[in-house]
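Quick look at structure.txt (compact mmCIF, C-alpha atoms and all ligand atoms):
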# COMPACT_ATOMS: atom_id res chain seq x y z
CA MET J 22 78.43 27.85 134.22
CA ASN J 23 81.89 29.29 133.87
CA SER J 24 84.47 27.77 131.56
CA LYS J 25 86.41 26.24 134.45
CA ASN J 26 83.53 23.95 135.34
CA ARG J 27 82.26 23.16 131.87
CA PRO J 28 82.57 19.43 131.23
CA THR J 29 84.57 18.42 128.14
CA ASP J 30 83.56 15.42 126.12
CA PRO J 31 86.11 12.83 127.29
CA ARG J 32 86.67 11.52 123.75
CA ARG J 33 87.38 15.00 122.48
CA ARG J 34 89.62 15.67 125.44
CA ARG J 35 91.59 12.50 124.79
CA PHE J 36 91.95 13.43 121.14
CA LEU J 37 93.14 16.93 122.00
CA THR J 38 95.51 15.65 124.64
CA ARG J 39 96.96 13.14 122.21
CA SER J 40 97.45 15.75 119.49
CA LEU J 41 99.05 18.09 121.98
CA LEU J 42 101.41 15.39 123.14
CA ALA J 43 102.21 14.34 119.58
CA ALA J 44 103.01 17.92 118.69
CA SER J 45 105.40 18.35 121.56
CA ALA J 46 106.90 14.88 121.88
CA VAL J 47 110.32 14.39 120.41
CA LEU J 48 111.47 10.91 121.11
CA LEU J 49 115.13 11.32 121.75
CA THR J 50 117.34 9.15 123.81
CA GLY J 51 120.47 9.90 125.79
CA CYS J 52 121.74 13.46 125.39
CA ASP J 53 120.82 15.08 122.11
CA ARG J 54 120.63 18.37 120.40
CA LEU J 55 117.04 19.38 119.85
CA THR J 56 116.22 20.53 116.36
CA ARG J 57 115.27 24.11 115.77
CA SER J 58 111.62 23.21 115.27
CA ASP J 59 111.49 21.29 118.55
CA THR J 60 112.89 24.04 120.68
CA MET J 61 111.74 27.13 118.92
CA GLY J 62 108.21 25.89 118.42
CA ARG J 63 107.91 24.94 122.01
CA LEU J 64 109.64 28.01 123.29
CA PHE J 65 107.32 30.36 121.53
CA ASP J 66 104.38 28.16 122.44
CA ALA J 67 105.46 28.04 126.02
CA SER J 68 105.67 31.77 126.21
CA SER J 69 102.18 32.85 127.15
CA ALA J 70 99.62 32.64 129.86
CA LEU J 71 97.28 31.40 127.14
CA THR J 72 99.51 28.37 126.68
CA GLN J 73 99.45 27.76 130.41
CA LYS J 74 95.65 27.80 130.36
CA ALA J 75 95.47 25.60 127.27
CA GLN J 76 97.89 23.06 128.69
CA ARG J 77 96.00 23.00 131.95
CA LEU J 78 92.70 22.44 130.15
CA LEU J 79 93.97 19.68 127.91
CA ALA J 80 96.28 17.81 130.20
CA SER J 81 94.89 17.13 133.65
CA ARG J 82 96.51 18.33 136.85
CA GLU J 83 98.16 14.98 137.25
CA SER J 84 99.03 14.11 133.63
CA LEU J 85 102.47 12.57 133.75
CA ALA J 86 105.56 13.55 131.83
CA ARG J 87 106.81 10.66 129.73
CA GLU J 88 109.03 8.17 131.58
CA TYR J 89 111.76 6.26 129.72
CA SER J 90 113.52 2.93 130.15
CA PRO J 91 116.96 2.29 131.62
CA GLU J 92 118.47 1.80 128.10
CA ASP J 93 117.60 5.42 127.29
CA ILE J 94 119.70 6.90 130.11
CA ALA J 95 122.58 9.07 128.87
CA PRO J 96 126.01 7.79 129.98
CA THR J 97 126.71 11.12 131.66
CA PHE J 98 124.06 13.66 132.45
CA ARG J 99 125.06 16.99 130.98
CA ALA J 100 125.52 19.86 133.47
CA ASN J 101 124.57 23.45 132.75
CA GLY J 102 124.45 26.85 134.43
CA THR J 103 126.29 26.85 137.73
CA THR J 104 128.24 23.60 138.04
CA ASP J 105 130.50 24.35 141.02
CA PRO J 106 129.14 26.98 143.42
CA GLN J 107 131.87 29.18 144.87
CA ASP J 108 129.89 30.52 147.82
CA ALA J 109 131.79 30.00 151.08
CA THR J 110 128.90 28.45 153.00
CA TYR J 111 128.17 25.97 150.23
CA ARG J 112 131.83 25.00 149.87
CA ARG J 113 132.13 24.38 153.60
CA LEU J 114 129.01 22.16 153.57
CA ALA J 115 130.15 20.28 150.45
CA ALA J 116 133.62 19.66 151.91
CA ASP J 117 131.94 17.76 154.72
CA GLY J 118 129.69 15.65 152.47
CA PHE J 119 126.73 17.91 153.38
CA ARG J 120 126.62 16.49 156.92
CA ASP J 121 125.70 19.90 158.36
CA TRP J 122 123.51 20.92 155.44
CA ARG J 123 119.84 21.51 156.28
CA LEU J 124 116.90 22.22 154.02
CA THR J 125 114.73 24.96 155.52
CA VAL J 126 111.03 24.81 154.66
CA ASP J 127 109.21 27.92 155.85
CA GLY J 128 107.02 30.86 154.86
CA LEU J 129 103.27 30.21 154.77
CA VAL J 130 103.40 26.85 156.54
CA GLU J 131 102.00 25.63 159.86
CA ARG J 132 105.25 24.06 161.11
CA PRO J 133 108.46 25.51 159.64
CA GLN J 134 111.13 22.79 159.69
CA ARG J 135 114.74 22.03 158.82
CA PHE J 136 115.57 18.67 157.27
CA SER J 137 118.94 16.94 157.13
CA LEU J 138 119.90 14.90 154.08
CA ASP J 139 119.45 11.70 156.10
CA GLU J 140 115.97 12.76 157.11
CA LEU J 141 115.04 13.40 153.48
CA ARG J 142 116.54 10.07 152.44
CA SER J 143 114.52 8.21 155.06
CA MET J 144 111.23 9.54 153.72
CA PRO J 145 109.35 7.59 151.03
CA SER J 146 111.06 8.15 147.68
CA ARG J 147 110.23 8.07 143.99
CA THR J 148 112.53 7.15 141.10
CA GLN J 149 111.78 8.23 137.53
CA ILE J 150 113.58 8.28 134.18
CA THR J 151 112.74 11.48 132.35
CA ARG J 152 114.03 13.82 129.68
CA HIS J 153 115.36 17.22 130.63
CA ASP J 154 114.94 19.93 127.98
CA CYS J 155 117.07 23.06 128.15
CA VAL J 156 116.12 26.22 126.25
CA GLU J 157 119.68 26.36 124.95
CA GLY J 158 118.79 23.50 122.61
CA TRP J 159 119.77 20.23 124.21
CA SER J 160 118.02 17.45 126.05
CA CYS J 161 119.24 14.63 128.25
CA ILE J 162 117.66 11.56 129.82
CA GLY J 163 118.45 10.65 133.40
CA GLN J 164 117.11 8.69 136.33
CA TRP J 165 116.18 10.80 139.34
CA THR J 166 115.46 9.70 142.90
CA GLY J 167 114.07 11.93 145.60
CA VAL J 168 111.34 12.93 148.00
CA VAL J 169 108.02 13.76 146.38
CA LEU J 170 107.60 17.46 147.09
CA SER J 171 103.95 17.01 148.09
CA ASP J 172 105.04 14.61 150.89
CA LEU J 173 107.48 17.21 152.18
CA LEU J 174 104.82 19.91 152.02
CA ALA J 175 102.39 17.66 153.91
CA GLN J 176 104.93 17.43 156.75
CA VAL J 177 105.08 21.19 157.22
CA GLY J 178 101.40 21.87 156.53
CA VAL J 179 100.79 24.43 153.77
CA ARG J 180 98.61 27.36 154.80
CA ASP J 181 95.62 28.32 152.64
CA GLU J 182 97.12 31.65 151.58
CA ALA J 183 100.12 29.98 149.91
CA ARG J 184 100.03 30.29 146.12
CA PHE J 185 103.64 29.59 145.10
CA VAL J 186 106.58 27.51 146.24
CA VAL J 187 109.91 29.35 145.98
CA PHE J 188 113.24 27.51 145.78
CA HIS J 189 116.21 29.48 147.10
CA CYS J 190 119.57 28.19 145.85
CA ALA J 191 123.10 28.36 147.23
CA ASP J 192 124.69 29.73 144.06
CA ARG J 193 125.01 33.22 142.64
CA TYR J 194 124.87 32.74 138.90
CA ARG J 195 128.25 33.85 137.50
CA GLY J 196 128.94 35.51 140.84
CA GLY J 197 125.97 37.88 140.41
CA ASP J 198 122.48 37.44 141.82
CA ALA J 199 121.28 34.41 143.76
CA TYR J 200 119.53 31.74 141.66
CA TYR J 201 115.94 31.10 142.65
CA GLU J 202 112.83 29.66 141.06
CA SER J 203 109.13 29.20 141.78
CA LEU J 204 106.24 26.88 140.94
CA ASP J 205 102.51 27.23 141.47
CA MET J 206 100.72 24.77 143.73
CA ILE J 207 99.52 22.54 140.88
CA GLU J 208 103.08 21.89 139.66
CA ALA J 209 104.33 21.63 143.25
CA TYR J 210 101.79 18.92 144.12
CA HIS J 211 102.29 17.02 140.86
CA PRO J 212 103.28 13.37 141.55
CA GLN J 213 106.53 13.64 139.52
CA THR J 214 107.72 16.82 141.24
CA LEU J 215 110.68 15.75 143.39
CA MET J 216 113.39 17.16 145.57
CA ALA J 217 115.98 14.84 144.05
CA TYR J 218 119.11 13.66 145.89
CA GLY J 219 119.99 10.84 143.47
CA LEU J 220 120.97 10.68 139.81
CA ASN J 221 121.37 7.41 137.88
CA GLY J 222 121.56 5.37 141.08
CA GLY J 223 124.27 7.44 142.79
CA ASN J 224 124.35 10.60 144.89
CA LEU J 225 123.43 13.74 142.99
CA PRO J 226 126.78 15.16 141.76
CA VAL J 227 127.75 18.75 142.62
CA ALA J 228 127.59 19.64 138.90
CA ASN J 229 123.92 18.68 138.85
CA GLY J 230 122.88 20.42 142.09
CA ALA J 231 124.03 18.47 145.16
CA PRO J 232 122.78 17.79 147.70
CA ILE J 233 119.26 18.34 146.32
CA ARG J 234 117.65 19.85 143.26
CA LEU J 235 114.12 20.28 142.04
CA ARG J 236 112.70 18.03 139.31
CA ALA J 237 109.49 19.44 137.81
CA GLU J 238 109.17 17.18 134.81
CA ARG J 239 106.52 19.10 132.88
CA GLN J 240 108.71 22.22 132.81
CA LEU J 241 111.83 23.41 131.01
CA GLY J 242 115.27 22.98 132.56
CA TYR J 243 115.71 26.45 133.98
CA LYS J 244 112.78 25.89 136.38
CA MET J 245 114.61 22.98 138.03
CA ALA J 246 116.54 24.75 140.74
CA LYS J 247 119.81 23.11 141.81
CA TYR J 248 121.61 23.57 145.19
CA VAL J 249 118.30 24.17 146.99
CA MET J 250 118.83 25.51 150.52
CA ARG J 251 115.40 26.80 151.37
CA ILE J 252 111.84 26.22 150.22
CA GLU J 253 109.56 29.15 150.99
CA LEU J 254 105.77 29.16 150.61
CA VAL J 255 104.53 32.58 149.51
CA GLU J 256 101.40 34.36 148.40
CA SER J 257 103.32 36.45 145.87
CA PHE J 258 106.91 36.58 144.61
CA ALA J 259 106.84 40.32 143.94
CA HIS J 260 109.31 40.96 146.79
CA LEU J 261 111.92 38.47 145.55
CA GLY J 262 114.73 39.31 143.12
CA ARG J 263 113.28 41.57 140.44
CA GLY J 264 109.80 40.25 141.14
CA ARG J 265 109.20 37.86 138.23
CA GLY J 266 109.50 34.56 140.08
CA GLY J 267 112.95 33.34 139.08
CA TYR J 268 116.50 34.22 138.17
CA TRP J 269 115.91 33.77 134.40
CA GLU J 270 112.37 35.14 134.55
CA ASP J 271 113.89 38.32 135.99
CA ARG J 272 115.94 38.44 132.77
CA GLY J 273 113.07 37.93 130.33
CA TYR J 274 112.30 34.21 130.31
CA GLU J 275 108.67 33.20 130.73
CA TRP J 276 107.54 32.20 134.20
CA TRP J 277 105.32 29.46 132.69
CA ALA J 278 107.75 27.01 131.08
CA GLY J 279 105.42 24.07 130.45
CA ILE J 280 106.45 21.59 127.75
N1 LIG E 301 120.85 26.87 141.22
C1 LIG E 301 120.82 26.74 139.89
N2 LIG E 301 119.86 25.98 139.35
C2 LIG E 301 119.80 25.81 138.01
C3 LIG E 301 120.71 26.49 137.14
C4 LIG E 301 121.72 27.29 137.76
O1 LIG E 301 122.58 27.90 137.09
N3 LIG E 301 121.74 27.40 139.14
N4 LIG E 301 120.60 26.33 135.77
C5 LIG E 301 119.30 25.84 135.25
C6 LIG E 301 119.33 25.41 133.86
S1 LIG E 301 119.26 26.58 132.64
C7 LIG E 301 119.30 24.09 133.52
S2 LIG E 301 119.18 23.55 131.91
C8 LIG E 301 119.45 23.04 134.55
C9 LIG E 301 120.69 22.24 134.29
O2 LIG E 301 120.72 21.13 135.13
P1 LIG E 301 121.95 20.15 135.01
O3 LIG E 301 123.19 20.92 135.37
O4 LIG E 301 121.67 19.02 135.91
O5 LIG E 301 122.00 19.75 133.55
O6 LIG E 301 119.50 23.55 135.86
C10 LIG E 301 118.75 24.71 136.10
N5 LIG E 301 118.83 25.02 137.51
MO MO E 302 118.70 25.43 130.75
Kindly return the structure encoded in the file as structure tokens.
Amino acid sequence: MNSKNRPTDPRRRRFLTRSLLAASAVLLTGCDRLTRSDTMGRLFDASSALTQKAQRLLASRESLAREYSPEDIAPTFRANGTTDPQDATYRRLAADGFRDWRLTVDGLVERPQRFSLDELRSMPSRTQITRHDCVEGWSCIGQWTGVVLSDLLAQVGVRDEARFVVFHCADRYRGGDAYYESLDMIEAYHPQTLMAYGLNGGNLPVANGAPIRLRAERQLGYKMAKYVMRIELVESFAHLGRGRGGYWEDRGYEWWAGI
């Protein structure tokens, strides 16, 4: 029997899961600075394929990121990275309230499609209050509303060869290369993974990624692509950017950013 199929004693698994969560949980509210031990510990922990395997063994595919209560929401959600894309196409779309904006979903799918914002808003939605952790040492709690990514993927029909979901963004970080990110299929199908169009009950502001941004709540902030224009299903991301699966990964960050 290989290790993937070996059953784990459920009591032991619960104990391990609880210890893992206790080790990584910092119960902060609103927007806070994380302490050095919170971020550094988790950053170094998060930096290996071994950690990915360990997290996957201990926490099930569907284990949920912690959800908070309305009182915990920060008065304003901090913005980071690109906060006002300068690209001409984006600016034209934003000037018109994103009326002509379309989300392309293509690559290894049965039925490539383009979705308007209204179409996304008319699909079943999920709202969740979660904490965003940035590697730069801050965290912030906000309420996100959006389409569950797995519902969107079901509409286009993912082909068997697909191994990653790539998010192509409208912005070029500091005017340089285009921002992009990727998730594997387990994170993509996770019930809290959203294409969010709402923040704290209103429309997603431009600073936070309008008209839609990814929320992948078990991952660090840099994974959560803002200004998403296109979702592409791929077998490999070797041909994109510098081949490491994301803008920051191409510059040395770890592809697996589980928290
Ligand atoms: N397109 C795009 N997505 C992005 C970034 C960016 O610069 N461009 N920055 C990332 C980083 S490092 C973080 S912490 C979060 C910040 O999200 P916020 O602006 O809503 O706080 O977005 C992530 N997604
Ligand atoms: Mo970040």
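Those residues positioned at most 10 Å from (125.5, 6.1, 130.0) are Gly51, Cys52, Pro91, Glu92, Asp93, Ile94, Ala95, Pro96, Thr97, Phe98, Ile162, Gly163 and Asn221 of chain J, judged using all atoms listed in the file.
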Enumerate, in order of chain and increasing residue number, the residues of chain J with an atom no farther than 9 Å from ligand MO 302 (chain E), each with its shortest atom pair and distance in Å to one decimal, counting only C-alpha atoms and all ligand atoms, as JSON lines.
{"residue": "J:Asn101", "atom": "CA", "partner": "E:MO302", "partner_atom": "MO", "distance": 6.5}
{"residue": "J:Gly102", "atom": "CA", "partner": "E:MO302", "partner_atom": "MO", "distance": 7.0}
{"residue": "J:His153", "atom": "CA", "partner": "E:MO302", "partner_atom": "MO", "distance": 8.9}
{"residue": "J:Asp154", "atom": "CA", "partner": "E:MO302", "partner_atom": "MO", "distance": 7.2}
{"residue": "J:Cys155", "atom": "CA", "partner": "E:MO302", "partner_atom": "MO", "distance": 3.9}
{"residue": "J:Val156", "atom": "CA", "partner": "E:MO302", "partner_atom": "MO", "distance": 5.2}
{"residue": "J:Glu157", "atom": "CA", "partner": "E:MO302", "partner_atom": "MO", "distance": 6.0}
{"residue": "J:Gly158", "atom": "CA", "partner": "E:MO302", "partner_atom": "MO", "distance": 8.4}
{"residue": "J:Trp159", "atom": "CA", "partner": "E:MO302", "partner_atom": "MO", "distance": 8.4}
{"residue": "J:Leu241", "atom": "CA", "partner": "E:MO302", "partner_atom": "MO", "distance": 7.2}
{"residue": "J:Gly242", "atom": "CA", "partner": "E:MO302", "partner_atom": "MO", "distance": 4.6}
{"residue": "J:Tyr243", "atom": "CA", "partner": "E:MO302", "partner_atom": "MO", "distance": 4.5}
{"residue": "J:Lys244", "atom": "CA", "partner": "E:MO302", "partner_atom": "MO", "distance": 8.2}
{"residue": "J:Met245", "atom": "CA", "partner": "E:MO302", "partner_atom": "MO", "distance": 8.7}
**Study point:** Using only C-alpha atoms: which of J:Arg239, J:Leu129, J:Ala100, J:Arg142 has the shortest distance to J:Leu85
**Key:**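 So, comparing all the options, the nearest one is J:Arg239.
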Using only the atoms of stretch 175-191 of chain J listed in the file, plus 5 Å on each side, state the axis-aligned box centre and edge lengths in Å rounded to one decimal, as lines of an AutoDock Vina configuration file.
center_x = 109.4
center_y = 24.5
center_z = 151.2
size_x = 37.5
size_y = 24.2
size_z = 22.1
Exercise for review: Determine, counting all atoms listed in the file, which protein, DNA and RNA residues have an atom within 10 Å of an atom of stretch 106-113 of chain J; residues of the same chain fewer than 6 positions away are not included. Present the result as a PyMOL selection string.
Suggested key: chain J and resi 119+121-122+190-196+227-228+230-231+248+250
Review point. When you draw a straight line from atom C2 of ligand LIG 301 (chain E) to atom CA of J:Thr214, how long is it in Å?
Key: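 One can read the atom C2 of ligand LIG 301 (chain E) to atom CA of J:Thr214 distance as 15.4 Å.
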Point to revise | Computed interatomic separation between atom CA of J:Asp198 and atom CA of J:Tyr268 (Å) | key: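 Separation of atom CA of J:Asp198 and atom CA of J:Tyr268: 7.7 Å.
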Check your understanding: Quick one: distance from atom CA of J:Gly223 to atom CA of J:Ala209 in Å, one decimal?
Key -> 24.5 Å
Review point. Closest to J:Trp276 among J:Glu131, J:Thr72, J:Arg251, J:Ala183, using only C-alpha atoms?
Key: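 Nearest to J:Trp276: J:Thr72.
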Exercise for review: Determine the nearest neighbour of ligand LIG 301 (chain E) from the options J:Ile150, J:Leu174, J:Leu235, J:Leu254, counting all atoms listed in the file.
Suggested key: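 Comparing J:Ile150, J:Leu174, J:Leu235, J:Leu254 against ligand LIG 301 (chain E), the winner is J:Leu235.
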Review point. Of the candidates J:Gln149, J:Gln76, J:Ser257, J:Thr103, which one gets nearest to ligand LIG 301 (chain E) if we count only C-alpha atoms and all ligand atoms?
Key: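 Smallest distance to ligand LIG 301 (chain E) is found for J:Thr103.
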**Study point:** Distance query J:Ile207 at most 12 Å, only C-alpha atoms, self and fewer than 5 positions along chain excluded, as a list of chain:residue names
**Key:**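 The neighbour list is J:Gln73, J:Arg77, J:Ser81, J:Arg82, J:Glu83, J:Ser84, J:Leu170, J:Ser171, J:Ala183, J:Arg184, J:Phe185, J:Val186, J:Pro212, J:Gln213, J:Thr214, J:Ala237, J:Arg239.
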Practice item. Please provide as an NGL selection string all residues within 12 Å of J:Leu138, with the sequence filter that same-chain residues fewer than 6 positions apart are discarded (counting all atoms listed in the file). Key: :J and (114 or 118-125 or 144 or 167-168 or 216-219 or 224-225 or 231-233 or 249-250)
Fill-in result for stretch 167-178 of chain J, all heavy atoms as a JSON list (two decimals), in the frame of the given file:
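Once written, part_12.json looks like this:
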[["chain", "number", "residue", "atom", "x", "y", "z"],
["J", 167, "GLY", "N", 114.21, 10.90, 144.58],
["J", 167, "GLY", "CA", 114.07, 11.93, 145.60],
["J", 167, "GLY", "C", 112.76, 11.84, 146.34],
["J", 167, "GLY", "O", 111.97, 10.92, 146.14],
["J", 168, "VAL", "N", 112.58, 12.82, 147.22],
["J", 168, "VAL", "CA", 111.34, 12.93, 148.00],
["J", 168, "VAL", "C", 110.31, 13.61, 147.11],
["J", 168, "VAL", "O", 110.61, 14.60, 146.45],
["J", 168, "VAL", "CB", 111.56, 13.83, 149.23],
["J", 168, "VAL", "CG1", 110.29, 13.90, 150.08],
["J", 168, "VAL", "CG2", 112.72, 13.37, 150.06],
["J", 169, "VAL", "N", 109.09, 13.09, 147.11],
["J", 169, "VAL", "CA", 108.02, 13.76, 146.38],
["J", 169, "VAL", "C", 107.72, 15.05, 147.14],
["J", 169, "VAL", "O", 107.49, 15.04, 148.35],
["J", 169, "VAL", "CB", 106.78, 12.84, 146.29],
["J", 169, "VAL", "CG1", 105.64, 13.54, 145.56],
["J", 169, "VAL", "CG2", 107.13, 11.53, 145.58],
["J", 170, "LEU", "N", 107.76, 16.16, 146.42],
["J", 170, "LEU", "CA", 107.60, 17.46, 147.09],
["J", 170, "LEU", "C", 106.29, 17.53, 147.88],
["J", 170, "LEU", "O", 106.26, 18.10, 148.97],
["J", 170, "LEU", "CB", 107.70, 18.60, 146.07],
["J", 170, "LEU", "CG", 107.55, 20.01, 146.62],
["J", 170, "LEU", "CD1", 108.58, 20.33, 147.71],
["J", 170, "LEU", "CD2", 107.64, 21.05, 145.49],
["J", 171, "SER", "N", 105.22, 16.92, 147.36],
["J", 171, "SER", "CA", 103.95, 17.01, 148.09],
["J", 171, "SER", "C", 104.04, 16.32, 149.45],
["J", 171, "SER", "O", 103.39, 16.75, 150.41],
["J", 171, "SER", "CB", 102.79, 16.47, 147.26],
["J", 171, "SER", "OG", 102.93, 15.09, 147.08],
["J", 172, "ASP", "N", 104.86, 15.26, 149.57],
["J", 172, "ASP", "CA", 105.04, 14.61, 150.89],
["J", 172, "ASP", "C", 105.74, 15.56, 151.86],
["J", 172, "ASP", "O", 105.39, 15.65, 153.04],
["J", 172, "ASP", "CB", 105.91, 13.35, 150.76],
["J", 172, "ASP", "CG", 105.17, 12.21, 150.06],
["J", 172, "ASP", "OD1", 103.94, 12.29, 149.94],
["J", 172, "ASP", "OD2", 105.85, 11.24, 149.65],
["J", 173, "LEU", "N", 106.73, 16.26, 151.33],
["J", 173, "LEU", "CA", 107.48, 17.21, 152.18],
["J", 173, "LEU", "C", 106.54, 18.34, 152.63],
["J", 173, "LEU", "O", 106.54, 18.74, 153.80],
["J", 173, "LEU", "CB", 108.63, 17.76, 151.34],
["J", 173, "LEU", "CG", 109.78, 18.43, 152.05],
["J", 173, "LEU", "CD1", 110.46, 17.45, 152.99],
["J", 173, "LEU", "CD2", 110.80, 18.93, 151.02],
["J", 174, "LEU", "N", 105.73, 18.81, 151.70],
["J", 174, "LEU", "CA", 104.82, 19.91, 152.02],
["J", 174, "LEU", "C", 103.77, 19.46, 153.04],
["J", 174, "LEU", "O", 103.37, 20.22, 153.92],
["J", 174, "LEU", "CB", 104.14, 20.45, 150.75],
["J", 174, "LEU", "CG", 105.09, 21.13, 149.76],
["J", 174, "LEU", "CD1", 104.35, 21.57, 148.50],
["J", 174, "LEU", "CD2", 105.83, 22.31, 150.39],
["J", 175, "ALA", "N", 103.36, 18.18, 152.95],
["J", 175, "ALA", "CA", 102.39, 17.66, 153.91],
["J", 175, "ALA", "C", 102.97, 17.69, 155.32],
["J", 175, "ALA", "O", 102.27, 17.95, 156.30],
["J", 175, "ALA", "CB", 101.97, 16.24, 153.53],
["J", 176, "GLN", "N", 104.29, 17.43, 155.43],
["J", 176, "GLN", "CA", 104.93, 17.43, 156.75],
["J", 176, "GLN", "C", 104.91, 18.80, 157.42],
["J", 176, "GLN", "O", 104.85, 18.91, 158.63],
["J", 176, "GLN", "CB", 106.39, 16.98, 156.62],
["J", 176, "GLN", "CG", 106.52, 15.52, 156.34],
["J", 176, "GLN", "CD", 107.62, 14.88, 157.18],
["J", 176, "GLN", "OE1", 108.19, 15.51, 158.08],
["J", 176, "GLN", "NE2", 107.89, 13.63, 156.91],
["J", 177, "VAL", "N", 105.02, 19.85, 156.63],
["J", 177, "VAL", "CA", 105.08, 21.19, 157.22],
["J", 177, "VAL", "C", 103.70, 21.84, 157.28],
["J", 177, "VAL", "O", 103.52, 22.82, 158.01],
["J", 177, "VAL", "CB", 106.08, 22.11, 156.48],
["J", 177, "VAL", "CG1", 107.49, 21.58, 156.62],
["J", 177, "VAL", "CG2", 105.70, 22.28, 155.02],
["J", 178, "GLY", "N", 102.76, 21.32, 156.51],
["J", 178, "GLY", "CA", 101.40, 21.87, 156.53],
["J", 178, "GLY", "C", 101.32, 23.22, 155.82],
["J", 178, "GLY", "O", 101.65, 24.26, 156.38]]
